[in-house]
>>> print(open('work30.cif').read())   # mmCIF, C-alpha atoms
data_start
loop_
_atom_site.label_atom_id
_atom_site.label_comp_id
_atom_site.auth_asym_id
_atom_site.auth_seq_id
_atom_site.Cartn_x
_atom_site.Cartn_y
_atom_site.Cartn_z
CA MET A 5 138.21 175.63 -68.78
CA PHE A 6 140.27 174.85 -71.85
CA HIS A 7 142.57 172.60 -69.84
CA TYR A 8 139.74 170.58 -68.38
CA LEU A 9 138.14 170.06 -71.77
CA VAL A 10 141.43 168.96 -73.31
CA LEU A 11 141.98 166.55 -70.43
CA ALA A 12 138.53 165.07 -71.03
CA ALA A 13 139.16 164.79 -74.77
CA ILE A 14 142.43 162.94 -74.26
CA LEU A 15 140.91 160.66 -71.66
CA PHE A 16 138.05 159.89 -74.03
CA SER A 17 140.52 159.03 -76.79
CA ILE A 18 142.41 156.71 -74.48
CA GLY A 19 139.17 154.95 -73.63
CA LEU A 20 138.27 154.74 -77.30
CA TYR A 21 141.62 153.14 -78.03
CA GLY A 22 140.96 150.60 -75.32
CA VAL A 23 137.52 149.76 -76.67
CA LEU A 24 138.87 149.37 -80.18
CA THR A 25 141.86 147.23 -79.34
CA ARG A 26 141.04 145.16 -76.26
CA ARG A 27 140.38 141.52 -76.79
CA ASN A 28 139.05 140.90 -73.34
CA ILE A 29 135.49 141.86 -72.46
CA ILE A 30 136.43 143.09 -69.00
CA GLY A 31 139.10 145.26 -70.59
CA ILE A 32 136.50 146.74 -72.90
CA LEU A 33 134.23 147.48 -69.96
CA MET A 34 137.06 149.22 -68.10
CA SER A 35 137.83 151.36 -71.14
CA LEU A 36 134.14 152.24 -71.31
CA GLU A 37 134.34 153.47 -67.75
CA LEU A 38 137.17 155.76 -68.79
CA MET A 39 135.00 157.20 -71.54
CA PHE A 40 132.11 157.77 -69.15
CA ASN A 41 134.46 159.61 -66.85
CA ALA A 42 135.67 161.85 -69.65
CA ALA A 43 132.06 162.77 -70.40
CA ASN A 44 131.48 163.48 -66.73
CA ILE A 45 134.48 165.80 -66.57
CA ASN A 46 132.98 167.69 -69.51
CA PHE A 47 129.58 167.99 -67.83
CA VAL A 48 131.03 169.28 -64.58
CA THR A 49 133.38 171.67 -66.38
CA PHE A 50 130.56 173.27 -68.32
CA ASN A 51 128.50 173.46 -65.17
CA ARG A 52 131.32 175.25 -63.42
CA TYR A 53 132.39 177.69 -66.11
CA ILE A 54 129.21 178.68 -67.91
CA ILE A 55 126.74 181.03 -66.31
CA SER A 56 123.52 179.26 -65.56
CA GLU A 57 120.83 179.17 -62.94
CA GLY A 58 120.93 175.59 -61.79
CA LEU A 59 123.27 172.67 -61.43
CA THR A 60 122.07 170.73 -64.43
CA GLY A 61 125.56 169.62 -65.43
CA GLN A 62 126.27 168.05 -62.07
CA ILE A 63 122.90 166.33 -62.02
CA PHE A 64 123.51 164.88 -65.45
CA ALA A 65 126.93 163.69 -64.33
CA LEU A 66 125.21 162.01 -61.39
CA PHE A 67 122.81 160.24 -63.75
CA VAL A 68 125.72 159.18 -65.92
CA ILE A 69 127.41 157.63 -62.89
CA VAL A 70 124.23 155.73 -62.00
CA VAL A 71 123.70 154.47 -65.54
CA ALA A 72 127.36 153.45 -65.78
CA ALA A 73 127.00 151.47 -62.57
CA ALA A 74 123.94 149.67 -63.94
CA GLU A 75 125.75 149.00 -67.20
CA ALA A 76 128.74 147.58 -65.35
CA VAL A 77 126.53 145.27 -63.32
CA VAL A 78 124.71 143.86 -66.34
CA GLY A 79 127.91 143.72 -68.38
CA LEU A 80 129.78 141.76 -65.75
CA ALA A 81 126.86 139.35 -65.36
CA LEU A 82 127.05 138.80 -69.12
CA VAL A 83 130.80 138.27 -68.79
CA LEU A 84 130.23 135.54 -66.20
CA LEU A 85 127.62 133.91 -68.41
CA ILE A 86 129.90 133.97 -71.44
CA TYR A 87 132.77 132.60 -69.38
CA ARG A 88 130.60 129.74 -68.20
CA ASN A 89 129.50 128.86 -71.71
CA TRP A 90 132.74 129.36 -73.64
CA GLN A 91 135.45 128.90 -70.97
CA GLY A 92 137.01 132.23 -71.95
CA ILE A 93 136.02 135.81 -72.40
CA LYS A 94 137.92 136.88 -75.47
CA THR A 95 135.58 138.57 -77.87
CA ASP A 96 136.74 136.31 -80.71
CA TYR A 97 135.07 133.33 -79.08
CA VAL A 98 131.64 134.85 -79.10
CA ASN A 99 130.92 134.48 -82.77
CA VAL A 100 127.83 132.34 -82.82
CA MET A 101 124.31 133.64 -82.61
CA LYS A 102 122.81 130.40 -81.43
CA TRP A 103 124.34 127.29 -79.91
CA MET B 17 143.46 180.39 -63.32
CA ASP B 18 146.00 181.24 -60.66
CA VAL B 19 148.99 179.12 -59.89
CA GLY B 20 147.56 177.70 -56.69
CA LEU B 21 144.77 176.11 -58.65
CA ASN B 22 147.07 175.00 -61.40
CA ILE B 23 149.47 172.72 -59.56
CA PRO B 24 146.84 170.23 -58.26
CA PHE B 25 145.25 170.25 -61.67
CA TRP B 26 148.47 169.33 -63.44
CA ILE B 27 149.30 166.61 -60.94
CA LEU B 28 145.81 165.12 -61.13
CA SER B 29 145.62 165.23 -64.89
CA ALA B 30 149.05 163.63 -65.22
CA VAL B 31 147.93 160.83 -62.89
CA ILE B 32 144.66 160.43 -64.81
CA LEU B 33 146.29 160.28 -68.22
CA ILE B 34 149.14 157.98 -67.23
CA SER B 35 146.93 155.56 -65.34
CA GLY B 36 144.33 155.67 -68.10
CA PHE B 37 147.02 154.77 -70.58
CA MET B 38 148.08 151.91 -68.31
CA VAL B 39 144.47 150.69 -68.20
CA VAL B 40 144.30 150.26 -71.94
CA THR B 41 147.82 148.97 -72.57
CA LEU B 42 148.93 146.71 -69.73
CA LYS B 43 148.95 142.99 -70.36
CA ASN B 44 147.86 141.87 -66.92
CA ILE B 45 144.17 142.64 -66.61
CA PHE B 46 144.36 142.72 -62.81
CA HIS B 47 146.92 145.52 -62.89
CA CYS B 48 144.62 147.30 -65.32
CA ALA B 49 141.84 147.19 -62.75
CA LEU B 50 144.12 148.64 -60.08
CA PHE B 51 145.16 151.46 -62.37
CA LEU B 52 141.49 152.04 -63.16
CA VAL B 53 140.91 152.60 -59.44
CA LEU B 54 143.73 155.16 -59.38
CA CYS B 55 142.35 156.91 -62.44
CA LEU B 56 138.80 157.13 -61.09
CA PHE B 57 140.10 158.42 -57.78
CA SER B 58 141.97 161.21 -59.53
CA VAL B 59 138.84 162.08 -61.49
CA ALA B 60 137.17 162.57 -58.11
CA GLY B 61 139.96 165.03 -57.33
CA ILE B 62 139.22 166.88 -60.56
CA PHE B 63 135.57 167.11 -59.49
CA LEU B 64 136.72 168.67 -56.23
CA LEU B 65 138.69 171.28 -58.16
CA LEU B 66 135.54 172.05 -60.14
CA ASN B 67 133.45 172.76 -57.00
CA ALA B 68 131.46 169.54 -57.29
CA GLU B 69 131.98 168.12 -53.83
CA PHE B 70 128.98 165.82 -53.85
CA LEU B 71 129.96 164.36 -57.20
CA ALA B 72 133.47 163.73 -55.92
CA ALA B 73 132.07 161.81 -52.97
CA ALA B 74 129.68 159.91 -55.19
CA GLN B 75 132.50 159.09 -57.58
CA VAL B 76 134.62 157.65 -54.78
CA LEU B 77 131.70 155.70 -53.32
CA ILE B 78 130.21 154.35 -56.53
CA TYR B 79 133.14 153.97 -58.88
CA VAL B 80 136.05 153.26 -56.57
CA GLY B 81 133.95 151.49 -53.97
CA ALA B 82 131.53 149.51 -56.08
CA VAL B 83 132.25 149.35 -59.79
CA ALA B 84 135.98 148.73 -59.48
CA ILE B 85 135.45 146.07 -56.84
CA LEU B 86 132.89 144.45 -59.12
CA MET B 87 135.45 144.46 -61.93
CA ILE B 88 138.05 142.85 -59.68
CA PHE B 89 135.52 140.21 -58.62
CA ALA B 90 134.73 139.45 -62.24
CA ILE B 91 138.42 139.18 -63.07
CA MET B 92 138.96 136.78 -60.21
CA LEU B 93 135.93 134.66 -61.09
CA THR B 94 137.16 134.34 -64.67
CA SER B 95 140.63 133.53 -63.49
CA GLN B 96 141.78 131.86 -66.66
CA ILE B 97 142.50 135.12 -68.43
CA ALA B 98 144.54 136.76 -65.71
CA SER B 99 147.48 134.42 -65.80
CA LYS B 100 147.80 133.46 -69.43
CA LYS B 101 150.49 135.04 -71.52
CA ILE B 102 148.21 135.65 -74.45
CA SER B 103 148.00 138.90 -76.30
CA GLN B 104 145.36 141.16 -74.80
CA THR B 105 144.88 143.24 -77.89
CA ASN B 106 143.55 142.36 -81.30
CA GLU B 107 144.98 143.21 -84.69
CA ASN B 108 143.37 146.64 -84.85
CA ARG B 109 146.13 148.18 -82.77
CA ILE B 110 147.70 150.45 -85.40
CA VAL B 111 144.41 151.53 -86.95
CA GLY B 112 142.88 152.10 -83.55
CA PHE B 113 145.82 154.19 -82.46
CA PHE B 114 145.50 156.46 -85.48
CA VAL B 115 141.74 156.73 -85.11
CA CYS B 116 142.16 157.85 -81.53
CA LEU B 117 144.99 160.23 -82.41
CA VAL B 118 142.86 161.87 -85.10
CA PHE B 119 139.91 162.05 -82.75
CA ALA B 120 141.94 163.64 -79.94
CA LEU B 121 143.61 166.16 -82.23
CA SER B 122 140.38 167.20 -83.89
CA ALA B 123 138.66 167.53 -80.53
CA ILE B 124 141.47 169.69 -79.18
CA ILE B 125 141.44 171.89 -82.29
CA LEU B 126 137.67 172.23 -82.02
CA ILE B 127 137.88 173.14 -78.34
CA SER B 128 140.56 175.74 -78.88
CA ASN B 129 138.67 177.32 -81.78
CA THR B 130 135.34 177.54 -80.04
CA LYS B 131 134.26 180.83 -78.56
CA VAL B 132 132.68 180.00 -75.23
CA TRP B 133 129.24 181.32 -74.69
CA ARG B 134 128.50 183.10 -71.38
CA TYR B 135 131.82 182.22 -69.77
CA THR B 136 132.34 182.98 -66.12
CA ASP B 137 135.29 182.54 -63.82
CA GLN B 138 133.38 182.85 -60.59
CA ALA B 139 133.37 179.84 -58.34
CA LEU B 140 130.09 178.13 -57.65
CA PRO B 141 128.52 178.99 -54.31
CA SER B 142 129.81 176.80 -51.53
CA ASP B 143 126.34 175.56 -50.62
CA ASN B 144 125.75 173.98 -53.98
CA ILE B 145 125.07 170.58 -52.43
CA LEU B 146 121.90 172.16 -51.06
CA ASN B 147 120.96 173.35 -54.53
CA LEU B 148 121.83 169.96 -55.99
CA GLY B 149 119.50 168.12 -53.64
CA GLY B 150 116.76 170.68 -54.13
CA THR B 151 116.95 170.52 -57.91
CA LEU B 152 117.05 166.75 -57.85
CA MET B 153 113.87 166.63 -55.82
CA THR B 154 111.94 169.29 -57.71
CA ASP B 155 112.87 169.75 -61.36
CA PHE B 156 114.47 166.36 -61.88
CA VAL B 157 112.25 164.19 -59.75
CA LEU B 158 110.94 162.15 -62.67
CA PRO B 159 114.42 161.20 -64.01
CA PHE B 160 115.41 160.47 -60.43
CA GLU B 161 112.62 157.93 -60.03
CA VAL B 162 113.23 156.47 -63.49
CA VAL B 163 116.87 155.96 -62.60
CA SER B 164 115.90 154.08 -59.46
CA ILE B 165 113.70 151.78 -61.56
CA LEU B 166 116.66 151.32 -63.91
CA LEU B 167 118.89 150.28 -61.02
CA LEU B 168 116.28 147.81 -59.83
CA ALA B 169 115.97 146.37 -63.32
CA ALA B 170 119.75 146.10 -63.63
CA MET B 171 119.97 144.31 -60.30
CA ILE B 172 117.27 141.80 -61.16
CA GLY B 173 118.71 141.35 -64.64
CA ALA B 174 122.16 140.64 -63.28
CA ILE B 175 120.77 138.08 -60.84
CA VAL B 176 118.77 136.37 -63.58
CA LEU B 177 121.72 136.33 -65.97
CA ALA B 178 124.30 135.06 -63.54
CA ARG B 179 122.15 132.38 -61.96
CA LYS B 180 123.55 128.91 -62.35
CA GLU B 181 120.56 126.65 -62.78
CA ARG B 182 117.68 127.29 -65.07
CA PRO B 183 114.29 126.14 -63.82
#
>>> encode(input="work30.cif", output="structure tokens")
Amino acid sequence: MFHYLVLAAILFSIGLYGVLTRRNIIGILMSLELMFNAANINFVTFNRYIISEGLTGQIFALFVIVVAAAEAVVGLALVLLIYRNWQGIKTDYVNVMKW
Amino acid sequence: MDVGLNIPFWILSAVILISGFMVVTLKNIFHCALFLVLCLFSVAGIFLLLNAEFLAAAQVLIYVGAVAILMIFAIMLTSQIASKKISQTNENRIVGFFVCLVFALSAIILISNTKVWRYTDQALPSDNILNLGGTLMTDFVLPFEVVSILLLAAMIGAIVLARKERP
């Protein structure tokens, strides 16, 4: 159990590093996916190693996957919109509230 | 944990960590997406080791099959960024690295100091897909429906956002 949790913690930190340092919105979204996956590994690990009646951990991991998919869809649509308006998707460009 | 369970775990976690590191550090965003596919696939393997067969299948179908392909589509549609030799990271690199290092170390220390409550080493029953479906349709039926509404809303929202002409 310890190994799985440490793996998830390191994966989460890698994703956090990506979110903090990427300049590209798609890169940020990919790092976010890494963080979601670290959380999922935690859910499934606790579900596997802690005595409980049901499979709540796996069901929550399933919901996390679904919500991450929805987030990716909307995020990538926003990326396309930003690209169309600014001709680039670096986060530095998007610094105006209104055009 | 016996040795037979350990070797796949070490291989998978090495693949996950190395490819995850590649995802956040490589300059070419297209290569990043390919490494993301590898990483998510190995996470599916980890789910298999943890007796979550349905989640492993869902991970491969949804993440590797849909989300990663969506990312690659978005990268190709915004082709300007894939070829340029510009820096892909901002000036927070050093600070961000130390923040993540501190976070990882503190998380690991916390994990190793925590006494686990009601720990068991028994594997889950092999018919847990049956239980999963049953629980999803009885105890969790309201979140299940809400999530379907969320997916519908995300789909319509994406169509509205990415549409070219405004009426």
>>> residues_near_point(input="work30.cif", point="(121.9, 168.9, -57.2)", cutoff="12 Å", atoms="only C-alpha atoms", output="JSON, numbers by chain")
{"A": [48, 51, 57, 58, 59, 60, 61, 62, 63, 64, 65, 66, 67], "B": [68, 69, 70, 71, 143, 144, 145, 146, 147, 148, 149, 150, 151, 152, 153, 154, 155, 156, 157, 160]}
>>> residues_around(input="work30.cif", residues="region 31-43 of chain A", least_positions_apart="5", cutoff="6 Å", atoms="all atoms listed in the file", output="list in words")
Ala12, Leu15, Phe16, Gly19, Gly22, Val23 and Arg26 of chain A
>>> write_last_selection(input="work30.cif", atoms="C-alpha atoms", output="short mmCIF file (atom, residue, chain, number, x, y, z; two decimals), in the coordinates of the input")
data_model
loop_
_atom_site.label_atom_id
_atom_site.label_comp_id
_atom_site.auth_asym_id
_atom_site.auth_seq_id
_atom_site.Cartn_x
_atom_site.Cartn_y
_atom_site.Cartn_z
CA ALA A 12 138.53 165.07 -71.03
CA LEU A 15 140.91 160.66 -71.66
CA PHE A 16 138.05 159.89 -74.03
CA GLY A 19 139.17 154.95 -73.63
CA GLY A 22 140.96 150.60 -75.32
CA VAL A 23 137.52 149.76 -76.67
CA ARG A 26 141.04 145.16 -76.26
#
>>> resolve_selection(input="work30.cif", expression="the PyMOL selection byres ((chain A and resi 74-76) around 8)", output="list of chain:residue names")
A:Leu33, A:Val70, A:Val71, A:Ala72, A:Ala73, A:Val77, A:Val78, A:Gly79, A:Leu80, B:Val83, B:Leu166, B:Leu167, B:Ala170, B:Met171
>>> write_last_selection(input="work30.cif", atoms="C-alpha atoms", output="short mmCIF file (atom, residue, chain, number, x, y, z; two decimals), in the coordinates of the input")
data_model
loop_
_atom_site.label_atom_id
_atom_site.label_comp_id
_atom_site.auth_asym_id
_atom_site.auth_seq_id
_atom_site.Cartn_x
_atom_site.Cartn_y
_atom_site.Cartn_z
CA LEU A 33 134.23 147.48 -69.96
CA VAL A 70 124.23 155.73 -62.00
CA VAL A 71 123.70 154.47 -65.54
CA ALA A 72 127.36 153.45 -65.78
CA ALA A 73 127.00 151.47 -62.57
CA VAL A 77 126.53 145.27 -63.32
CA VAL A 78 124.71 143.86 -66.34
CA GLY A 79 127.91 143.72 -68.38
CA LEU A 80 129.78 141.76 -65.75
CA VAL B 83 132.25 149.35 -59.79
CA LEU B 166 116.66 151.32 -63.91
CA LEU B 167 118.89 150.28 -61.02
CA ALA B 170 119.75 146.10 -63.63
CA MET B 171 119.97 144.31 -60.30
#
>>> resolve_selection(input="work30.cif", expression="the PyMOL selection byres ((chain B) within 7 of (chain A))", output="ChimeraX atom specification")
/B:29,33,36-37,40,45,66,71,83,90,94,104-106,108-109,112-113,116,119-120,123-124,134-137,140,148,167,170,173-174,177-178
>>> closest_residue(input="work30.cif", among="B:Leu50, B:Ile110, B:Ile165, B:Ile27", to="Ile88 (chain B)", atoms="only C-alpha atoms")
B:Leu50
>>> closest_residue(input="work30.cif", among="B:Phe51, B:Phe25, B:Phe89, B:Phe114", to="Leu64 (chain B)", atoms="all atoms listed in the file")
B:Phe25
>>> atom_distance(input="work30.cif", atom1="CA of Gly61 (chain B)", atom2="CA of Ile32 (chain B)")
10.0 Å
>>> atom_distance(input="work30.cif", atom1="CA of Val53 (chain B)", atom2="CA of Ile34 (chain B)")
12.5 Å
>>> atom_distance(input="work30.cif", atom1="CA of Ser35 (chain B)", atom2="CA of Leu54 (chain B)")
6.8 Å
>>> axis_aligned_box(input="work30.cif", around="region 62-74 of chain A", padding_each_side="8 Å", output="AutoDock Vina command-line options")
--center_x 125.1 --center_y 158.9 --center_z -63.7 --size_x 20.6 --size_y 34.4 --size_z 20.5
